[in-house]
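Here's final_6.pdb, which has PDB, C-alpha atoms, pLDDT in the B column:
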ATOM      1  CA  MET A1215      83.980 104.888 117.633  1.00 52.00           C
ATOM      2  CA  ARG A1216      86.673 105.514 115.034  1.00 75.00           C
ATOM      3  CA  GLY A1217      87.466 102.958 112.388  1.00 76.00           C
ATOM      4  CA  PRO A1218      90.808 101.886 110.957  1.00 81.00           C
ATOM      5  CA  SER A1219      92.720 104.225 108.681  1.00 86.00           C
ATOM      6  CA  ALA A1220      96.110 104.274 107.010  1.00 87.00           C
ATOM      7  CA  GLY A1221      97.341 106.849 109.516  1.00 88.00           C
ATOM      8  CA  ARG A1222      96.316 104.715 112.484  1.00 90.00           C
ATOM      9  CA  LEU A1223      97.932 101.640 110.928  1.00 90.00           C
ATOM     10  CA  GLN A1224     101.123 103.608 110.371  1.00 91.00           C
ATOM     11  CA  HIS A1225     101.085 104.832 113.970  1.00 92.00           C
ATOM     12  CA  TYR A1226     100.567 101.257 115.178  1.00 92.00           C
ATOM     13  CA  ALA A1227     103.451  99.947 113.057  1.00 92.00           C
ATOM     14  CA  TYR A1228     105.782 102.763 114.130  1.00 92.00           C
ATOM     15  CA  HIS A1229     105.059 102.873 117.839  1.00 93.00           C
ATOM     16  CA  HIS A1230     103.483  99.608 118.958  1.00 92.00           C
ATOM     17  CA  LEU A1231     105.469  97.296 116.694  1.00 92.00           C
ATOM     18  CA  CYS A1232     108.589  99.492 117.029  1.00 92.00           C
ATOM     19  CA  LEU A1233     109.234  99.541 113.280  1.00 93.00           C
ATOM     20  CA  LYS A1234     109.906 103.259 112.880  1.00 93.00           C
ATOM     21  CA  SER A1235     113.679 102.813 112.522  1.00 92.00           C
ATOM     22  CA  TYR A1236     113.162 100.025 109.964  1.00 93.00           C
ATOM     23  CA  PHE A1237     110.846 102.209 107.883  1.00 91.00           C
ATOM     24  CA  ARG A1238     113.417 105.010 107.922  1.00 91.00           C
ATOM     25  CA  HIS A1239     116.437 102.778 107.172  1.00 91.00           C
ATOM     26  CA  PRO A1240     115.307  99.538 105.483  1.00 91.00           C
ATOM     27  CA  GLY A1241     118.703  98.832 103.942  1.00 89.00           C
ATOM     28  CA  ASP A1242     117.905  99.830 100.372  1.00 86.00           C
ATOM     29  CA  GLY A1243     121.422 101.150  99.765  1.00 83.00           C
ATOM     30  CA  ARG A1244     120.444 104.455  98.165  1.00 83.00           C
ATOM     31  CA  SER A1245     122.985 107.145  99.025  1.00 80.00           C
ATOM     32  CA  GLN A1246     121.004 110.268  98.065  1.00 83.00           C
ATOM     33  CA  PRO A1247     117.330 109.358  97.749  1.00 85.00           C
ATOM     34  CA  GLN A1248     114.898 111.887  96.330  1.00 86.00           C
ATOM     35  CA  ILE A1249     111.977 110.048  97.911  1.00 87.00           C
ATOM     36  CA  PRO A1250     112.538 108.888 101.492  1.00 87.00           C
ATOM     37  CA  ALA A1251     112.721 105.147 102.120  1.00 88.00           C
ATOM     38  CA  GLU A1252     110.042 105.587 104.760  1.00 89.00           C
ATOM     39  CA  ALA A1253     107.485 106.543 102.085  1.00 89.00           C
ATOM     40  CA  LEU A1254     108.464 103.669  99.800  1.00 89.00           C
ATOM     41  CA  VAL A1255     108.381 100.974 102.477  1.00 90.00           C
ATOM     42  CA  TRP A1256     105.102 102.285 103.885  1.00 90.00           C
ATOM     43  CA  THR A1257     103.615 102.187 100.372  1.00 90.00           C
ATOM     44  CA  LEU A1258     104.756  98.570  99.962  1.00 88.00           C
ATOM     45  CA  VAL A1259     103.145  97.661 103.296  1.00 89.00           C
ATOM     46  CA  LEU A1260      99.912  99.389 102.263  1.00 89.00           C
ATOM     47  CA  GLY A1261      99.972  97.484  98.996  1.00 87.00           C
ATOM     48  CA  GLN A1262     100.101  94.219 100.932  1.00 89.00           C
ATOM     49  CA  ILE A1263      97.337  95.289 103.327  1.00 87.00           C
ATOM     50  CA  LEU A1264      95.104  96.425 100.459  1.00 86.00           C
ATOM     51  CA  ARG A1265      96.051  93.330  98.420  1.00 89.00           C
ATOM     52  CA  VAL A1266      97.378  95.361  95.523  1.00 87.00           C
ATOM     53  CA  SER A1267      99.409  92.839  93.570  1.00 80.00           C
ATOM     54  CA  SER A1268     101.443  95.008  91.203  1.00 87.00           C
ATOM     55  CA  PHE A1269     103.665  98.075  91.402  1.00 86.00           C
ATOM     56  CA  CYS A1270     101.616  99.561  88.559  1.00 87.00           C
ATOM     57  CA  ARG A1271      98.496  99.426  90.735  1.00 87.00           C
ATOM     58  CA  VAL A1272     100.379 100.904  93.710  1.00 87.00           C
ATOM     59  CA  GLU A1273     101.528 103.710  91.399  1.00 87.00           C
ATOM     60  CA  TRP A1274      97.882 104.358  90.536  1.00 89.00           C
ATOM     61  CA  LEU A1275      97.098 104.625  94.266  1.00 86.00           C
ATOM     62  CA  VAL A1276      99.854 107.149  94.988  1.00 87.00           C
ATOM     63  CA  HIS A1277      98.718 109.281  92.044  1.00 89.00           C
ATOM     64  CA  SER A1278      95.066 109.201  93.115  1.00 88.00           C
ATOM     65  CA  LEU A1279      93.232 111.596  95.417  1.00 87.00           C
ATOM     66  CA  ALA A1280      93.529 108.955  98.174  1.00 84.00           C
ATOM     67  CA  ARG A1281      97.303 109.557  98.461  1.00 85.00           C
ATOM     68  CA  SER A1282      97.047 112.097 101.289  1.00 82.00           C
ATOM     69  CA  GLY A1283      94.838 109.740 103.301  1.00 85.00           C
ATOM     70  CA  LEU A1284      97.314 106.908 102.820  1.00 86.00           C
ATOM     71  CA  GLY A1285     100.185 108.816 104.429  1.00 85.00           C
ATOM     72  CA  VAL A1286     102.276 108.981 101.244  1.00 87.00           C
ATOM     73  CA  PRO A1287     103.947 112.412 100.974  1.00 86.00           C
ATOM     74  CA  ARG A1288     104.291 112.633  97.185  1.00 86.00           C
ATOM     75  CA  PRO A1289     103.483 110.641  94.063  1.00 87.00           C
ATOM     76  CA  PHE A1290     106.045 108.421  92.363  1.00 86.00           C
ATOM     77  CA  ASN A1291     106.063 105.784  89.636  1.00 84.00           C
ATOM     78  CA  GLU A1292     106.374 102.006  89.667  1.00 81.00           C
ATOM     79  CA  ASP A1293     110.098 102.111  88.817  1.00 83.00           C
ATOM     80  CA  THR A1294     110.661 104.132  91.978  1.00 85.00           C
ATOM     81  CA  LEU A1295     109.309 101.177  93.974  1.00 85.00           C
ATOM     82  CA  ALA A1296     111.127  98.526  91.974  1.00 85.00           C
ATOM     83  CA  TYR A1297     114.629  99.991  92.296  1.00 83.00           C
ATOM     84  CA  PRO A1298     114.980  99.978  96.122  1.00 82.00           C
ATOM     85  CA  THR A1299     112.932  96.786  96.463  1.00 84.00           C
ATOM     86  CA  GLU A1300     115.455  94.897  94.351  1.00 87.00           C
ATOM     87  CA  ARG A1301     118.271  96.204  96.550  1.00 85.00           C
ATOM     88  CA  LEU A1302     116.782  95.742 100.022  1.00 88.00           C
ATOM     89  CA  ASP A1303     119.134  93.973 102.396  1.00 89.00           C
ATOM     90  CA  PRO A1304     117.174  90.911 103.567  1.00 91.00           C
ATOM     91  CA  GLU A1305     119.124  90.721 106.832  1.00 94.00           C
ATOM     92  CA  ILE A1306     117.822  94.111 107.992  1.00 93.00           C
ATOM     93  CA  THR A1307     114.266  93.015 107.196  1.00 90.00           C
ATOM     94  CA  ARG A1308     114.793  89.745 109.079  1.00 93.00           C
ATOM     95  CA  GLN A1309     116.103  91.616 112.114  1.00 93.00           C
ATOM     96  CA  ALA A1310     113.099  93.952 112.105  1.00 91.00           C
ATOM     97  CA  LEU A1311     110.736  91.003 111.804  1.00 89.00           C
ATOM     98  CA  ALA A1312     112.470  89.110 114.611  1.00 92.00           C
ATOM     99  CA  ALA A1313     112.361  92.174 116.877  1.00 90.00           C
ATOM    100  CA  THR A1314     108.652  92.589 116.164  1.00 89.00           C
ATOM    101  CA  LEU A1315     107.875  88.959 116.924  1.00 87.00           C
TER     102      LEU A1315
END
Would you put the structure from the file into structure tokens?
Amino acid sequence: MRGPSAGRLQHYAYHHLCLKSYFRHPGDGRSQPQIPAEALVWTLVLGQILRVSSFCRVEWLVHSLARSGLGVPRPFNEDTLAYPTERLDPEITRQALAATL
């Protein structure tokens, strides 16, 4: 029997909860992102699942050896998470949540 992993959780969120389009276009308003929104939103979700309470701690995770197992394509810093998070359109998140429920 196989246990839970970040990759399986991501697959579940994308395909069973139908959140793939939300992860790709969360409404962060960035016109030319260097790091895809999908990676940032997935990292925020992982932070909630792992109960990591600060962006600084999430930054530590994405710079650690565990990054490849978490499904995060490249490392980034805490400011990279803060910028799009401050600009997320709450209506798009509400719509994704309502569709999931």
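When all atoms listed in the file are used to measure the gap to Leu1258 in chain A, the shortest distance among A:Gln1246, A:Ser1219, A:Thr1294, A:Ser1235 belongs to A:Thr1294.
Between Leu1223 in chain A and the residues A:Val1259, A:Arg1271, A:Arg1301, A:Arg1308, the shortest atom-to-atom distance, using only C-alpha atoms, involves A:Val1259.
When the PyMOL selection byres ((chain A and resi 1284) around 8) is evaluated on the file shown here, the picked residues come out as Ser1219, Ala1220, Gly1221, Leu1260, Ala1280, Arg1281, Ser1282, Gly1283, Gly1285 and Val1286 of chain A.
Across the model, the gap from CA of Tyr1236 in chain A to CA of Glu1305 in chain A is 11.5 Å.
The shortest atom-to-atom distance to Pro1250 in chain A, with all atoms listed in the file taken into account, belongs to A:Leu1295 out of A:Ala1227, A:Ile1263, A:Leu1315, A:Leu1295.
Reported to one decimal place, the separation of CA of Glu1292 in chain A from CA of Cys1270 in chain A is 5.5 Å.
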(request) Rank A:Phe1237, A:Gly1217, A:Gln1224, A:Pro1287 by their smallest atom-to-atom distance to Leu1311 in chain A, using only C-alpha atoms, and report the top residue only. (result) A:Phe1237
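Residues matched by the PyMOL selection byres ((chain A and resi 1269) around 12) in this file: Leu1254, Thr1257, Leu1258, Val1259, Leu1260, Gly1261, Gln1262, Arg1265, Val1266, Ser1267, Ser1268, Cys1270, Arg1271, Val1272, Glu1273, Trp1274, Leu1275, Val1276, Phe1290, Asn1291, Glu1292, Asp1293, Thr1294, Leu1295, Ala1296, Tyr1297 and Thr1299 of chain A.
The residue that comes closest to Trp1256 in chain A, out of A:Ser1278, A:Leu1233, A:Arg1216, A:Gly1243 and on the basis of only C-alpha atoms, is A:Leu1233.
Comparing the minimum interatomic distances between Thr1307 in chain A and each of A:Arg1288, A:His1230, A:His1239, A:Arg1222, counting only C-alpha atoms, we find that A:His1239 sits nearest.
Atom to atom, CA of Val1255 in chain A and CA of Asp1303 in chain A stand 12.8 Å apart.
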Got a minute to add N, CA and C atoms to range 1280-1299 of chain A and dump it as a PDB file, in the coordinates of the input?
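selection09.pdb, freshly written:
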ATOM      1  N   ALA A1280      93.420 109.655  96.885  1.00 84.00           N
ATOM      2  CA  ALA A1280      93.529 108.955  98.174  1.00 84.00           C
ATOM      3  C   ALA A1280      94.928 109.050  98.775  1.00 84.00           C
ATOM      4  N   ARG A1281      95.908 109.542  98.015  1.00 85.00           N
ATOM      5  CA  ARG A1281      97.303 109.557  98.461  1.00 85.00           C
ATOM      6  C   ARG A1281      97.479 110.239  99.810  1.00 85.00           C
ATOM      7  N   SER A1282      96.856 111.385 100.015  1.00 82.00           N
ATOM      8  CA  SER A1282      97.047 112.097 101.289  1.00 82.00           C
ATOM      9  C   SER A1282      96.480 111.293 102.456  1.00 82.00           C
ATOM     10  N   GLY A1283      95.408 110.569 102.249  1.00 85.00           N
ATOM     11  CA  GLY A1283      94.838 109.740 103.301  1.00 85.00           C
ATOM     12  C   GLY A1283      95.638 108.486 103.579  1.00 85.00           C
ATOM     13  N   LEU A1284      96.498 108.108 102.646  1.00 86.00           N
ATOM     14  CA  LEU A1284      97.314 106.908 102.820  1.00 86.00           C
ATOM     15  C   LEU A1284      98.622 107.191 103.545  1.00 86.00           C
ATOM     16  N   GLY A1285      98.941 108.464 103.737  1.00 85.00           N
ATOM     17  CA  GLY A1285     100.185 108.816 104.429  1.00 85.00           C
ATOM     18  C   GLY A1285     101.396 108.807 103.519  1.00 85.00           C
ATOM     19  N   VAL A1286     101.187 108.943 102.217  1.00 87.00           N
ATOM     20  CA  VAL A1286     102.276 108.981 101.244  1.00 87.00           C
ATOM     21  C   VAL A1286     102.507 110.444 100.879  1.00 87.00           C
ATOM     22  N   PRO A1287     103.716 110.973 101.120  1.00 86.00           N
ATOM     23  CA  PRO A1287     103.947 112.412 100.974  1.00 86.00           C
ATOM     24  C   PRO A1287     103.900 112.950  99.551  1.00 86.00           C
ATOM     25  N   ARG A1288     104.292 112.145  98.559  1.00 86.00           N
ATOM     26  CA  ARG A1288     104.291 112.633  97.185  1.00 86.00           C
ATOM     27  C   ARG A1288     104.142 111.472  96.221  1.00 86.00           C
ATOM     28  N   PRO A1289     103.641 111.729  95.029  1.00 87.00           N
ATOM     29  CA  PRO A1289     103.483 110.641  94.063  1.00 87.00           C
ATOM     30  C   PRO A1289     104.821 110.194  93.478  1.00 87.00           C
ATOM     31  N   PHE A1290     104.872 108.963  93.038  1.00 86.00           N
ATOM     32  CA  PHE A1290     106.045 108.421  92.363  1.00 86.00           C
ATOM     33  C   PHE A1290     105.586 107.293  91.457  1.00 86.00           C
ATOM     34  N   ASN A1291     106.474 106.807  90.595  1.00 84.00           N
ATOM     35  CA  ASN A1291     106.063 105.784  89.636  1.00 84.00           C
ATOM     36  C   ASN A1291     106.500 104.392  90.078  1.00 84.00           C
ATOM     37  N   GLU A1292     106.108 103.403  89.295  1.00 81.00           N
ATOM     38  CA  GLU A1292     106.374 102.006  89.667  1.00 81.00           C
ATOM     39  C   GLU A1292     107.867 101.683  89.678  1.00 81.00           C
ATOM     40  N   ASP A1293     108.649 102.341  88.821  1.00 83.00           N
ATOM     41  CA  ASP A1293     110.098 102.111  88.817  1.00 83.00           C
ATOM     42  C   ASP A1293     110.739 102.585  90.117  1.00 83.00           C
ATOM     43  N   THR A1294     110.157 103.621  90.707  1.00 85.00           N
ATOM     44  CA  THR A1294     110.661 104.132  91.978  1.00 85.00           C
ATOM     45  C   THR A1294     110.522 103.071  93.062  1.00 85.00           C
ATOM     46  N   LEU A1295     109.488 102.277  93.012  1.00 85.00           N
ATOM     47  CA  LEU A1295     109.309 101.177  93.974  1.00 85.00           C
ATOM     48  C   LEU A1295     110.196  99.986  93.646  1.00 85.00           C
ATOM     49  N   ALA A1296     110.370  99.712  92.377  1.00 85.00           N
ATOM     50  CA  ALA A1296     111.127  98.526  91.974  1.00 85.00           C
ATOM     51  C   ALA A1296     112.609  98.652  92.313  1.00 85.00           C
ATOM     52  N   TYR A1297     113.185  99.816  92.099  1.00 83.00           N
ATOM     53  CA  TYR A1297     114.629  99.991  92.296  1.00 83.00           C
ATOM     54  C   TYR A1297     115.074  99.668  93.727  1.00 83.00           C
ATOM     55  N   PRO A1298     114.519 100.316  94.763  1.00 82.00           N
ATOM     56  CA  PRO A1298     114.980  99.978  96.122  1.00 82.00           C
ATOM     57  C   PRO A1298     114.537  98.592  96.582  1.00 82.00           C
ATOM     58  N   THR A1299     113.405  98.110  96.069  1.00 84.00           N
ATOM     59  CA  THR A1299     112.932  96.786  96.463  1.00 84.00           C
ATOM     60  C   THR A1299     113.914  95.705  96.029  1.00 84.00           C
TER      61      THR A1299
END
